[in-house]
>>> print(open('coords_3.pdb').read())   # PDB, C-alpha atoms
MODEL        1
ATOM      1  CA  GLU A   1     -10.891  -5.473   4.184
ATOM      2  CA  ALA A   2      -8.255  -3.181   5.644
ATOM      3  CA  ALA A   3      -7.832   0.029   3.722
ATOM      4  CA  VAL A   4      -5.130   2.675   3.874
ATOM      5  CA  THR A   5      -5.115   5.462   1.320
ATOM      6  CA  GLN A   6      -2.551   8.164   0.675
ATOM      7  CA  SER A   7      -2.626  11.462  -1.138
ATOM      8  CA  PRO A   8      -1.116  12.726  -3.265
ATOM      9  CA  ARG A   9       0.344   9.692  -5.031
ATOM     10  CA  ASN A  10       3.006  11.788  -6.712
ATOM     11  CA  LYS A  11       4.363  15.174  -5.744
ATOM     12  CA  VAL A  12       7.054  17.461  -7.110
ATOM     13  CA  ALA A  13       8.136  20.198  -4.720
ATOM     14  CA  VAL A  14      10.763  22.918  -4.730
ATOM     15  CA  THR A  15      13.525  23.222  -2.179
ATOM     16  CA  GLY A  16      12.344  25.268   0.785
ATOM     17  CA  GLY A  17       8.681  24.668   0.076
ATOM     18  CA  LYS A  18       6.156  23.116   2.432
ATOM     19  CA  VAL A  19       4.826  19.648   1.659
ATOM     20  CA  THR A  20       1.998  17.817   3.379
ATOM     21  CA  LEU A  21       1.399  14.121   2.787
ATOM     22  CA  SER A  22      -1.935  12.748   3.923
ATOM     23  CA  CYS A  23      -2.966   9.285   5.030
ATOM     24  CA  ASN A  24      -6.410   7.921   5.808
ATOM     25  CA  GLN A  25      -7.313   4.528   7.245
ATOM     26  CA  THR A  26     -10.701   2.889   7.623
ATOM     27  CA  ASN A  27      -9.457   0.031   9.818
ATOM     28  CA  ASN A  28     -10.173   1.817  13.087
ATOM     29  CA  HIS A  29      -6.588   1.043  14.091
ATOM     30  CA  ASN A  30      -5.066   2.977  16.942
ATOM     31  CA  ASN A  31      -1.530   2.985  15.546
ATOM     32  CA  MET A  32      -0.375   4.712  12.390
ATOM     33  CA  TYR A  33       3.088   5.044  10.912
ATOM     34  CA  TRP A  34       5.016   7.020   8.326
ATOM     35  CA  TYR A  35       7.998   5.410   6.622
ATOM     36  CA  ARG A  36      10.297   6.386   3.828
ATOM     37  CA  GLN A  37      11.907   3.950   1.442
ATOM     38  CA  ASP A  38      14.979   4.754  -0.595
ATOM     39  CA  THR A  39      16.273   2.710  -3.494
ATOM     40  CA  GLY A  40      17.786  -0.552  -2.353
ATOM     41  CA  HIS A  41      16.695  -0.132   1.249
ATOM     42  CA  GLY A  42      13.943  -1.271   3.492
ATOM     43  CA  LEU A  43      11.604   1.069   5.263
ATOM     44  CA  ARG A  44      12.725   3.554   7.858
ATOM     45  CA  LEU A  45      10.330   4.882  10.457
ATOM     46  CA  ILE A  46       9.875   8.654  10.526
ATOM     47  CA  HIS A  47       6.977   9.239  12.922
ATOM     48  CA  TYR A  48       4.218   7.163  14.399
ATOM     49  CA  SER A  49       1.118   7.631  16.492
ATOM     50  CA  TYR A  50      -0.746   5.651  19.126
ATOM     51  CA  GLY A  51      -4.015   7.477  18.579
ATOM     52  CA  ALA A  52      -5.677  10.796  17.886
ATOM     53  CA  GLY A  53      -3.634  13.656  19.270
ATOM     54  CA  SER A  54      -0.447  11.623  19.733
ATOM     55  CA  THR A  55       2.721  11.687  17.660
ATOM     56  CA  GLU A  56       6.013   9.981  18.418
ATOM     57  CA  LYS A  57       9.431  10.272  16.816
ATOM     58  CA  GLY A  58      10.703   7.298  14.909
ATOM     59  CA  ASP A  59      14.250   6.605  13.783
ATOM     60  CA  ILE A  60      14.676   9.488  11.329
ATOM     61  CA  PRO A  61      12.370  12.337  12.441
ATOM     62  CA  ASP A  62      14.622  15.296  11.603
ATOM     63  CA  GLY A  63      13.077  17.574   9.000
ATOM     64  CA  TYR A  64       9.599  16.083   9.453
ATOM     65  CA  LYS A  65       6.586  16.809  11.590
ATOM     66  CA  ALA A  66       3.480  14.692  12.015
ATOM     67  CA  SER A  67      -0.118  15.384  12.919
ATOM     68  CA  ARG A  68      -2.854  12.979  14.028
ATOM     69  CA  PRO A  69      -6.047  15.021  14.245
ATOM     70  CA  SER A  70      -8.345  11.989  14.284
ATOM     71  CA  GLN A  71      -8.322   8.210  14.470
ATOM     72  CA  GLU A  72      -8.530   8.005  10.678
ATOM     73  CA  ASN A  73      -6.027  10.643   9.551
ATOM     74  CA  PHE A  74      -2.292  10.972   9.952
ATOM     75  CA  SER A  75      -0.283  13.619   8.091
ATOM     76  CA  LEU A  76       3.417  14.005   7.451
ATOM     77  CA  ILE A  77       4.646  17.579   7.080
ATOM     78  CA  LEU A  78       7.860  18.804   5.529
ATOM     79  CA  GLU A  79       8.081  22.464   6.530
ATOM     80  CA  LEU A  80      11.181  23.193   4.450
ATOM     81  CA  ALA A  81      11.628  20.476   1.872
ATOM     82  CA  THR A  82      15.149  19.530   0.808
ATOM     83  CA  PRO A  83      16.378  17.345  -2.103
ATOM     84  CA  SER A  84      17.521  14.716   0.428
ATOM     85  CA  GLN A  85      13.861  14.142   1.234
ATOM     86  CA  THR A  86      13.196  12.862  -2.264
ATOM     87  CA  SER A  87      11.881   9.379  -1.615
ATOM     88  CA  VAL A  88       8.839   7.146  -1.572
ATOM     89  CA  TYR A  89       6.735   7.557   1.541
ATOM     90  CA  PHE A  90       4.489   4.864   2.938
ATOM     91  CA  CYS A  91       1.801   5.162   5.541
ATOM     92  CA  ALA A  92       0.647   2.163   7.543
ATOM     93  CA  SER A  93      -1.850   1.329  10.244
ATOM     94  CA  GLY A  94      -1.859  -1.485  12.773
ATOM     95  CA  ASP A  95      -3.207  -2.564  16.104
ATOM     96  CA  TRP A  96      -2.650  -5.140  18.799
ATOM     97  CA  GLY A  97      -5.253  -7.850  18.883
ATOM     98  CA  ALA A  98      -5.008 -11.543  18.263
ATOM     99  CA  SER A  99      -2.094 -10.702  16.021
ATOM    100  CA  TYR A 100      -0.240  -7.572  15.155
ATOM    101  CA  GLU A 101      -0.066  -6.821  11.442
ATOM    102  CA  GLN A 102       0.607  -3.646   9.592
ATOM    103  CA  TYR A 103      -1.408  -2.592   6.551
ATOM    104  CA  PHE A 104       0.214  -0.280   4.068
ATOM    105  CA  GLY A 105      -0.977   2.444   1.758
ATOM    106  CA  PRO A 106       0.080   2.595  -1.898
ATOM    107  CA  GLY A 107       2.882   5.074  -1.299
ATOM    108  CA  THR A 108       3.624   8.665  -2.320
ATOM    109  CA  ARG A 109       6.531   9.402  -4.600
ATOM    110  CA  LEU A 110       8.003  12.772  -3.600
ATOM    111  CA  THR A 111      10.598  14.599  -5.667
ATOM    112  CA  VAL A 112      12.167  17.736  -4.248
ATOM    113  CA  LEU A 113      13.975  19.816  -6.868
TER     114      LEU A 113
ATOM    115  CA  GLY B 114      23.406  -1.555  15.049
ATOM    116  CA  GLN B 115      20.835  -2.876  12.655
ATOM    117  CA  GLN B 116      18.097  -4.828  14.386
ATOM    118  CA  VAL B 117      17.145  -6.931  11.372
ATOM    119  CA  GLN B 118      19.447  -8.366   8.745
ATOM    120  CA  GLN B 119      18.206 -10.007   5.579
ATOM    121  CA  SER B 120      20.103 -12.291   3.253
ATOM    122  CA  PRO B 121      20.831 -12.601   0.487
ATOM    123  CA  ALA B 122      20.564  -8.990  -0.661
ATOM    124  CA  SER B 123      19.728 -10.182  -4.149
ATOM    125  CA  LEU B 124      18.981 -13.480  -5.811
ATOM    126  CA  VAL B 125      18.563 -14.590  -9.412
ATOM    127  CA  LEU B 126      16.765 -17.844 -10.171
ATOM    128  CA  GLN B 127      15.655 -19.783 -13.182
ATOM    129  CA  GLU B 128      11.938 -20.445 -13.224
ATOM    130  CA  GLY B 129      11.159 -23.603 -11.293
ATOM    131  CA  GLU B 130      14.028 -23.296  -8.817
ATOM    132  CA  ASN B 131      13.458 -22.912  -5.097
ATOM    133  CA  ALA B 132      14.535 -19.971  -2.952
ATOM    134  CA  GLU B 133      15.315 -19.594   0.731
ATOM    135  CA  LEU B 134      15.324 -16.073   2.127
ATOM    136  CA  GLN B 135      16.649 -15.372   5.594
ATOM    137  CA  CYS B 136      15.926 -12.798   8.232
ATOM    138  CA  ASN B 137      18.084 -12.640  11.374
ATOM    139  CA  PHE B 138      17.354 -10.393  14.288
ATOM    140  CA  SER B 139      19.399  -9.195  17.221
ATOM    141  CA  THR B 140      16.632  -8.454  19.712
ATOM    142  CA  SER B 141      13.700 -10.228  21.299
ATOM    143  CA  LEU B 142      10.529  -9.978  19.288
ATOM    144  CA  ASN B 143       6.770 -10.020  19.571
ATOM    145  CA  SER B 144       6.133 -10.735  15.946
ATOM    146  CA  MET B 145       7.666 -11.244  12.557
ATOM    147  CA  GLN B 146       5.951 -10.252   9.328
ATOM    148  CA  TRP B 147       6.981 -10.959   5.738
ATOM    149  CA  PHE B 148       6.018  -8.618   2.912
ATOM    150  CA  TYR B 149       6.236  -8.707  -0.857
ATOM    151  CA  GLN B 150       6.781  -5.529  -2.857
ATOM    152  CA  ARG B 151       6.671  -5.097  -6.622
ATOM    153  CA  PRO B 152       8.983  -2.451  -8.057
ATOM    154  CA  GLY B 153       7.417   0.897  -7.266
ATOM    155  CA  GLY B 154       4.572  -0.811  -5.485
ATOM    156  CA  SER B 155       3.135  -1.022  -2.051
ATOM    157  CA  LEU B 156       3.744  -3.779   0.457
ATOM    158  CA  VAL B 157       1.586  -6.855   0.504
ATOM    159  CA  SER B 158       1.612  -8.954   3.642
ATOM    160  CA  LEU B 159       2.597 -12.558   2.999
ATOM    161  CA  PHE B 160       2.833 -13.913   6.522
ATOM    162  CA  TYR B 161       2.375 -12.818  10.063
ATOM    163  CA  ASN B 162       4.448 -15.437  11.833
ATOM    164  CA  PRO B 163       5.693 -14.839  15.391
ATOM    165  CA  SER B 164       6.783 -18.467  15.753
ATOM    166  CA  GLY B 165       6.582 -21.842  14.065
ATOM    167  CA  THR B 166       5.832 -22.652  10.461
ATOM    168  CA  LYS B 167       3.086 -21.371   8.201
ATOM    169  CA  HIS B 168       2.217 -22.301   4.631
ATOM    170  CA  SER B 169       0.496 -20.433   1.843
ATOM    171  CA  GLY B 170       0.548 -22.036  -1.569
ATOM    172  CA  ARG B 171       4.171 -22.238  -2.710
ATOM    173  CA  LEU B 172       5.357 -20.126   0.222
ATOM    174  CA  THR B 173       6.468 -21.328   3.650
ATOM    175  CA  SER B 174       7.544 -19.157   6.551
ATOM    176  CA  THR B 175       9.423 -20.529   9.564
ATOM    177  CA  THR B 176      10.315 -18.473  12.631
ATOM    178  CA  VAL B 177      12.591 -19.906  15.342
ATOM    179  CA  ILE B 178      12.615 -17.423  18.196
ATOM    180  CA  LYS B 179      15.433 -18.905  20.270
ATOM    181  CA  GLU B 180      17.675 -18.886  17.195
ATOM    182  CA  ARG B 181      16.552 -15.348  16.333
ATOM    183  CA  ARG B 182      15.790 -16.112  12.726
ATOM    184  CA  SER B 183      12.922 -16.340  10.287
ATOM    185  CA  SER B 184      12.960 -17.738   6.776
ATOM    186  CA  LEU B 185      10.769 -17.562   3.721
ATOM    187  CA  HIS B 186      10.877 -20.494   1.328
ATOM    188  CA  ILE B 187       9.575 -20.165  -2.209
ATOM    189  CA  SER B 188       9.140 -23.414  -4.070
ATOM    190  CA  SER B 189       8.920 -23.826  -7.841
ATOM    191  CA  SER B 190       9.576 -20.144  -8.460
ATOM    192  CA  GLN B 191       7.711 -18.289 -11.203
ATOM    193  CA  THR B 192       8.583 -15.097 -13.065
ATOM    194  CA  THR B 193       5.724 -13.371 -11.245
ATOM    195  CA  ASP B 194       7.545 -13.964  -7.951
ATOM    196  CA  SER B 195      10.105 -11.327  -8.971
ATOM    197  CA  GLY B 196      10.230  -8.372  -6.643
ATOM    198  CA  THR B 197      11.473  -7.434  -3.202
ATOM    199  CA  TYR B 198      10.804  -9.457  -0.080
ATOM    200  CA  LEU B 199      10.955  -7.636   3.239
ATOM    201  CA  CYS B 200      10.818  -8.911   6.763
ATOM    202  CA  ALA B 201       9.671  -6.744   9.658
ATOM    203  CA  LEU B 202      10.242  -7.325  13.334
ATOM    204  CA  GLU B 203       8.077  -6.030  16.123
ATOM    205  CA  ARG B 204      10.312  -5.613  19.130
ATOM    206  CA  THR B 205       9.122  -6.759  22.544
ATOM    207  CA  SER B 206      10.506  -3.884  24.582
ATOM    208  CA  ASN B 207       8.635  -1.019  22.957
ATOM    209  CA  ASN B 208       6.412  -2.520  20.246
ATOM    210  CA  ARG B 209       8.399  -0.731  17.568
ATOM    211  CA  ILE B 210       8.629  -2.157  14.062
ATOM    212  CA  PHE B 211      11.971  -2.619  12.316
ATOM    213  CA  PHE B 212      12.415  -3.586   8.681
ATOM    214  CA  GLY B 213      15.256  -5.394   6.983
ATOM    215  CA  ASP B 214      16.701  -3.978   3.772
ATOM    216  CA  GLY B 215      15.002  -6.654   1.705
ATOM    217  CA  THR B 216      15.957  -9.366  -0.739
ATOM    218  CA  GLN B 217      15.561  -8.476  -4.396
ATOM    219  CA  LEU B 218      14.473 -11.574  -6.282
ATOM    220  CA  VAL B 219      14.600 -11.964 -10.040
ATOM    221  CA  VAL B 220      13.136 -15.108 -11.585
ATOM    222  CA  LYS B 221      14.110 -15.623 -15.203
ATOM    223  CA  PRO B 222      11.975 -17.591 -17.679
TER     224      PRO B 222
ENDMDL
END
>>> encode(input="coords_3.pdb", output="structure tokens")
Amino acid sequence: EAAVTQSPRNKVAVTGGKVTLSCNQTNNHNNMYWYRQDTGHGLRLIHYSYGAGSTEKGDIPDGYKASRPSQENFSLILELATPSQTSVYFCASGDWGASYEQYFGPGTRLTVL
Amino acid sequence: GQQVQQSPASLVLQEGENAELQCNFSTSLNSMQWFYQRPGGSLVSLFYNPSGTKHSGRLTSTTVIKERRSSLHISSSQTTDSGTYLCALERTSNNRIFFGDGTQLVVKP
């Protein structure tokens, strides 16, 4: 079964601090994604990756960096966290085959004070 | 403009009633996926449905590409169906995924 894990599950950070959110997938999918979800909204794409070493900007990349050091791992980095980045962050993996489906991690709740 | 629009934004039902959730899109698509999300929870895939009709228990998904719409029908709703239903569109031109804002469903006993 597809598996996407995220760490940490909850994080409290201070304004101006550095935050790294980690995602690991055991699906051997080429594509990985980072989304944020704010109350009452769907998911918005921050960064995504087509494979190890690649990162692409999504719809709302400002204030975020991404790193894909391997097929399995995809990190989201907030170099200087701000309160506006308080949100729930979801990682997903997916690949093109007979069908294209995305599999999501459990989410990370980030609070920036 | 927004690529994917969901309606209604919220819906309250009495247990046993049926629900029809809509997803309309403004661009050509490769695929359409429906997700269910509990409050504070992760997303669970309900259907991957690029076209036609699919059934799963009390749920039915219908995607009509030329009309640029997809629907999710819930029959005989139960209180455990409460949560948020999201549709996601994979766009043909660049294989990007776009989500709607979701429909928040509350089923009362």
>>> residues_around(input="coords_3.pdb", residues="Thr111 in chain A", least_positions_apart="2", cutoff="7 Å", atoms="all atoms listed in the file", output="list in words")
Lys11, Val12, Ala13, Thr86, Ser87, Arg109 and Leu113 of chain A
>>> residues_near_point(input="coords_3.pdb", point="(-0.6, 11.3, 20.8)", cutoff="12 Å", atoms="all atoms listed in the file", output="ChimeraX atom specification")
/A:30-32,47-57,66-71,74
>>> closest_atom_pairs(input="coords_3.pdb", of="chain A", to="chain B", cutoff="9 Å", atoms="all atoms listed in the file", output="tab-separated table")
residue	atom	partner	partner_atom	distance
A:Gly40	CA	B:Asp214	CA	7.1
A:His41	CA	B:Asp214	CA	4.6
A:Gly42	CA	B:Asp214	CA	3.9
A:Leu43	CA	B:Phe212	CA	5.8
A:Arg44	CA	B:Phe212	CA	7.2
A:Leu45	CA	B:Phe211	CA	7.9
A:Gly58	CA	B:Arg209	CA	8.8
A:Val88	CA	B:Gly153	CA	8.6
A:Phe90	CA	B:Ser155	CA	7.8
A:Ser99	CA	B:Tyr161	CA	7.7
A:Tyr100	CA	B:Ser144	CA	7.2
A:Glu101	CA	B:Tyr161	CA	6.6
A:Gln102	CA	B:Ser158	CA	8.0
A:Tyr103	CA	B:Ser158	CA	7.6
A:Phe104	CA	B:Leu156	CA	6.1
A:Gly105	CA	B:Ser155	CA	6.6
A:Pro106	CA	B:Ser155	CA	4.7
A:Gly107	CA	B:Ser155	CA	6.1
A:Arg109	CA	B:Gly153	CA	9.0
>>> residues_around(input="coords_3.pdb", residues="Val14 in chain A", least_positions_apart="2", cutoff="8 Å", atoms="only C-alpha atoms", output="list of chain:residue names")
A:Val12, A:Gly16, A:Gly17, A:Ala81, A:Thr82, A:Val112, A:Leu113
>>> resolve_selection(input="coords_3.pdb", expression="the PyMOL selection byres ((chain B and resi 166-171) around 12)", output="short mmCIF file (atom, residue, chain, number, x, y, z; two decimals) with C-alpha atoms, in the frame of the given file")
data_model
loop_
_atom_site.label_atom_id
_atom_site.label_comp_id
_atom_site.auth_asym_id
_atom_site.auth_seq_id
_atom_site.Cartn_x
_atom_site.Cartn_y
_atom_site.Cartn_z
CA GLY B 129 11.16 -23.60 -11.29
CA GLU B 130 14.03 -23.30 -8.82
CA ASN B 131 13.46 -22.91 -5.10
CA ALA B 132 14.54 -19.97 -2.95
CA GLU B 133 15.32 -19.59 0.73
CA MET B 145 7.67 -11.24 12.56
CA GLN B 146 5.95 -10.25 9.33
CA TRP B 147 6.98 -10.96 5.74
CA SER B 158 1.61 -8.95 3.64
CA LEU B 159 2.60 -12.56 3.00
CA PHE B 160 2.83 -13.91 6.52
CA TYR B 161 2.38 -12.82 10.06
CA ASN B 162 4.45 -15.44 11.83
CA PRO B 163 5.69 -14.84 15.39
CA SER B 164 6.78 -18.47 15.75
CA GLY B 165 6.58 -21.84 14.06
CA LEU B 172 5.36 -20.13 0.22
CA THR B 173 6.47 -21.33 3.65
CA SER B 174 7.54 -19.16 6.55
CA THR B 175 9.42 -20.53 9.56
CA THR B 176 10.32 -18.47 12.63
CA VAL B 177 12.59 -19.91 15.34
CA ILE B 178 12.62 -17.42 18.20
CA SER B 183 12.92 -16.34 10.29
CA SER B 184 12.96 -17.74 6.78
CA LEU B 185 10.77 -17.56 3.72
CA HIS B 186 10.88 -20.49 1.33
CA ILE B 187 9.57 -20.16 -2.21
CA SER B 188 9.14 -23.41 -4.07
CA SER B 189 8.92 -23.83 -7.84
CA SER B 190 9.58 -20.14 -8.46
CA GLN B 191 7.71 -18.29 -11.20
CA ASP B 194 7.54 -13.96 -7.95
#
>>> resolve_selection(input="coords_3.pdb", expression="the PyMOL selection byres ((chain A and resi 76) around 7)", output="CSV table (one decimal) with C-alpha atoms, in the frame of the given file")
chain,number,residue,atom,x,y,z
A,20,THR,CA,2.0,17.8,3.4
A,21,LEU,CA,1.4,14.1,2.8
A,22,SER,CA,-1.9,12.7,3.9
A,64,TYR,CA,9.6,16.1,9.5
A,65,LYS,CA,6.6,16.8,11.6
A,66,ALA,CA,3.5,14.7,12.0
A,67,SER,CA,-0.1,15.4,12.9
A,74,PHE,CA,-2.3,11.0,10.0
A,75,SER,CA,-0.3,13.6,8.1
A,77,ILE,CA,4.6,17.6,7.1
A,78,LEU,CA,7.9,18.8,5.5
>>> atom_distance(input="coords_3.pdb", atom1="CA of Arg204 in chain B", atom2="CA of Tyr35 in chain A")
16.8 Å
>>> atom_distance(input="coords_3.pdb", atom1="CA of Gln150 in chain B", atom2="CA of Tyr89 in chain A")
13.8 Å
>>> atom_distance(input="coords_3.pdb", atom1="CA of Pro61 in chain A", atom2="CA of Leu80 in chain A")
13.5 Å
>>> closest_residue(input="coords_3.pdb", among="A:Asn10, A:Lys18, A:Cys91, A:Ile46", to="Asn73 in chain A", atoms="all atoms listed in the file")
A:Cys91
>>> closest_residue(input="coords_3.pdb", among="B:Thr192, B:Leu134, B:Leu202, B:Pro152", to="Val117 in chain B", atoms="only C-alpha atoms")
B:Leu202
>>> axis_aligned_box(input="coords_3.pdb", around="range 100-109 of chain A", padding_each_side="3 Å", output="AutoDock Vina command-line options")
--center_x 2.6 --center_y 0.9 --center_z 5.3 --size_x 13.9 --size_y 23.0 --size_z 25.8
>>> build_atoms(input="coords_3.pdb", residues="range 114-124 of chain B", atoms="all heavy atoms", output="PDB file, keeping the file's coordinate frame")
ATOM      1  N   GLY B 114      23.272  -0.648  16.160  1.00  0.00           N
ATOM      2  CA  GLY B 114      23.406  -1.555  15.049  1.00  0.00           C
ATOM      3  C   GLY B 114      22.057  -1.923  14.472  1.00  0.00           C
ATOM      4  O   GLY B 114      21.011  -1.659  15.062  1.00  0.00           O
ATOM      5  N   GLN B 115      22.068  -2.540  13.311  1.00  0.00           N
ATOM      6  CA  GLN B 115      20.835  -2.876  12.655  1.00  0.00           C
ATOM      7  C   GLN B 115      20.152  -4.012  13.392  1.00  0.00           C
ATOM      8  O   GLN B 115      20.775  -5.022  13.729  1.00  0.00           O
ATOM      9  CB  GLN B 115      21.121  -3.272  11.209  1.00  0.00           C
ATOM     10  CG  GLN B 115      19.906  -3.283  10.345  1.00  0.00           C
ATOM     11  CD  GLN B 115      20.240  -3.326   8.863  1.00  0.00           C
ATOM     12  OE1 GLN B 115      21.387  -3.146   8.487  1.00  0.00           O
ATOM     13  NE2 GLN B 115      19.263  -3.574   8.038  1.00  0.00           N
ATOM     14  N   GLN B 116      18.849  -3.837  13.631  1.00  0.00           N
ATOM     15  CA  GLN B 116      18.097  -4.828  14.386  1.00  0.00           C
ATOM     16  C   GLN B 116      17.780  -6.060  13.553  1.00  0.00           C
ATOM     17  O   GLN B 116      17.668  -7.156  14.099  1.00  0.00           O
ATOM     18  CB  GLN B 116      16.775  -4.205  14.858  1.00  0.00           C
ATOM     19  CG  GLN B 116      16.922  -2.883  15.587  1.00  0.00           C
ATOM     20  CD  GLN B 116      17.243  -3.092  17.050  1.00  0.00           C
ATOM     21  OE1 GLN B 116      17.185  -4.195  17.556  1.00  0.00           O
ATOM     22  NE2 GLN B 116      17.596  -2.019  17.733  1.00  0.00           N
ATOM     23  N   VAL B 117      17.601  -5.857  12.249  1.00  0.00           N
ATOM     24  CA  VAL B 117      17.145  -6.931  11.372  1.00  0.00           C
ATOM     25  C   VAL B 117      18.064  -7.002  10.161  1.00  0.00           C
ATOM     26  O   VAL B 117      18.307  -5.986   9.502  1.00  0.00           O
ATOM     27  CB  VAL B 117      15.699  -6.670  10.886  1.00  0.00           C
ATOM     28  CG1 VAL B 117      15.219  -7.814  10.015  1.00  0.00           C
ATOM     29  CG2 VAL B 117      14.775  -6.458  12.069  1.00  0.00           C
ATOM     30  N   GLN B 118      18.571  -8.192   9.896  1.00  0.00           N
ATOM     31  CA  GLN B 118      19.447  -8.366   8.745  1.00  0.00           C
ATOM     32  C   GLN B 118      18.865  -9.427   7.826  1.00  0.00           C
ATOM     33  O   GLN B 118      18.567 -10.536   8.275  1.00  0.00           O
ATOM     34  CB  GLN B 118      20.838  -8.768   9.206  1.00  0.00           C
ATOM     35  CG  GLN B 118      21.468  -7.763  10.149  1.00  0.00           C
ATOM     36  CD  GLN B 118      22.961  -7.644   9.963  1.00  0.00           C
ATOM     37  OE1 GLN B 118      23.564  -8.481   9.345  1.00  0.00           O
ATOM     38  NE2 GLN B 118      23.547  -6.594  10.512  1.00  0.00           N
ATOM     39  N   GLN B 119      18.742  -9.061   6.548  1.00  0.00           N
ATOM     40  CA  GLN B 119      18.206 -10.007   5.579  1.00  0.00           C
ATOM     41  C   GLN B 119      19.311 -10.485   4.652  1.00  0.00           C
ATOM     42  O   GLN B 119      20.222  -9.748   4.298  1.00  0.00           O
ATOM     43  CB  GLN B 119      17.102  -9.361   4.730  1.00  0.00           C
ATOM     44  CG  GLN B 119      15.798  -9.218   5.465  1.00  0.00           C
ATOM     45  CD  GLN B 119      14.667  -8.797   4.549  1.00  0.00           C
ATOM     46  OE1 GLN B 119      14.147  -7.693   4.680  1.00  0.00           O
ATOM     47  NE2 GLN B 119      14.296  -9.697   3.628  1.00  0.00           N
ATOM     48  N   SER B 120      19.166 -11.742   4.231  1.00  0.00           N
ATOM     49  CA  SER B 120      20.103 -12.291   3.253  1.00  0.00           C
ATOM     50  C   SER B 120      19.389 -13.307   2.377  1.00  0.00           C
ATOM     51  O   SER B 120      18.405 -13.927   2.818  1.00  0.00           O
ATOM     52  CB  SER B 120      21.281 -12.962   3.977  1.00  0.00           C
ATOM     53  OG  SER B 120      20.820 -14.030   4.785  1.00  0.00           O
ATOM     54  N   PRO B 121      19.840 -13.458   1.119  1.00  0.00           N
ATOM     55  CA  PRO B 121      20.831 -12.601   0.487  1.00  0.00           C
ATOM     56  C   PRO B 121      20.231 -11.243   0.132  1.00  0.00           C
ATOM     57  O   PRO B 121      19.010 -11.086   0.167  1.00  0.00           O
ATOM     58  CB  PRO B 121      21.186 -13.394  -0.775  1.00  0.00           C
ATOM     59  CG  PRO B 121      19.926 -14.117  -1.121  1.00  0.00           C
ATOM     60  CD  PRO B 121      19.304 -14.482   0.202  1.00  0.00           C
ATOM     61  N   ALA B 122      21.076 -10.297  -0.241  1.00  0.00           N
ATOM     62  CA  ALA B 122      20.564  -8.990  -0.661  1.00  0.00           C
ATOM     63  C   ALA B 122      19.872  -9.096  -2.009  1.00  0.00           C
ATOM     64  O   ALA B 122      18.896  -8.382  -2.267  1.00  0.00           O
ATOM     65  CB  ALA B 122      21.709  -7.977  -0.730  1.00  0.00           C
ATOM     66  N   SER B 123      20.355  -9.967  -2.853  1.00  0.00           N
ATOM     67  CA  SER B 123      19.728 -10.182  -4.149  1.00  0.00           C
ATOM     68  C   SER B 123      19.894 -11.634  -4.553  1.00  0.00           C
ATOM     69  O   SER B 123      20.812 -12.319  -4.095  1.00  0.00           O
ATOM     70  CB  SER B 123      20.330  -9.256  -5.208  1.00  0.00           C
ATOM     71  OG  SER B 123      21.699  -9.513  -5.365  1.00  0.00           O
ATOM     72  N   LEU B 124      18.993 -12.073  -5.417  1.00  0.00           N
ATOM     73  CA  LEU B 124      18.981 -13.480  -5.811  1.00  0.00           C
ATOM     74  C   LEU B 124      18.384 -13.591  -7.205  1.00  0.00           C
ATOM     75  O   LEU B 124      17.348 -12.981  -7.481  1.00  0.00           O
ATOM     76  CB  LEU B 124      18.139 -14.285  -4.813  1.00  0.00           C
ATOM     77  CG  LEU B 124      18.052 -15.795  -4.967  1.00  0.00           C
ATOM     78  CD1 LEU B 124      19.433 -16.426  -4.847  1.00  0.00           C
ATOM     79  CD2 LEU B 124      17.108 -16.367  -3.915  1.00  0.00           C
TER      80      LEU B 124
END
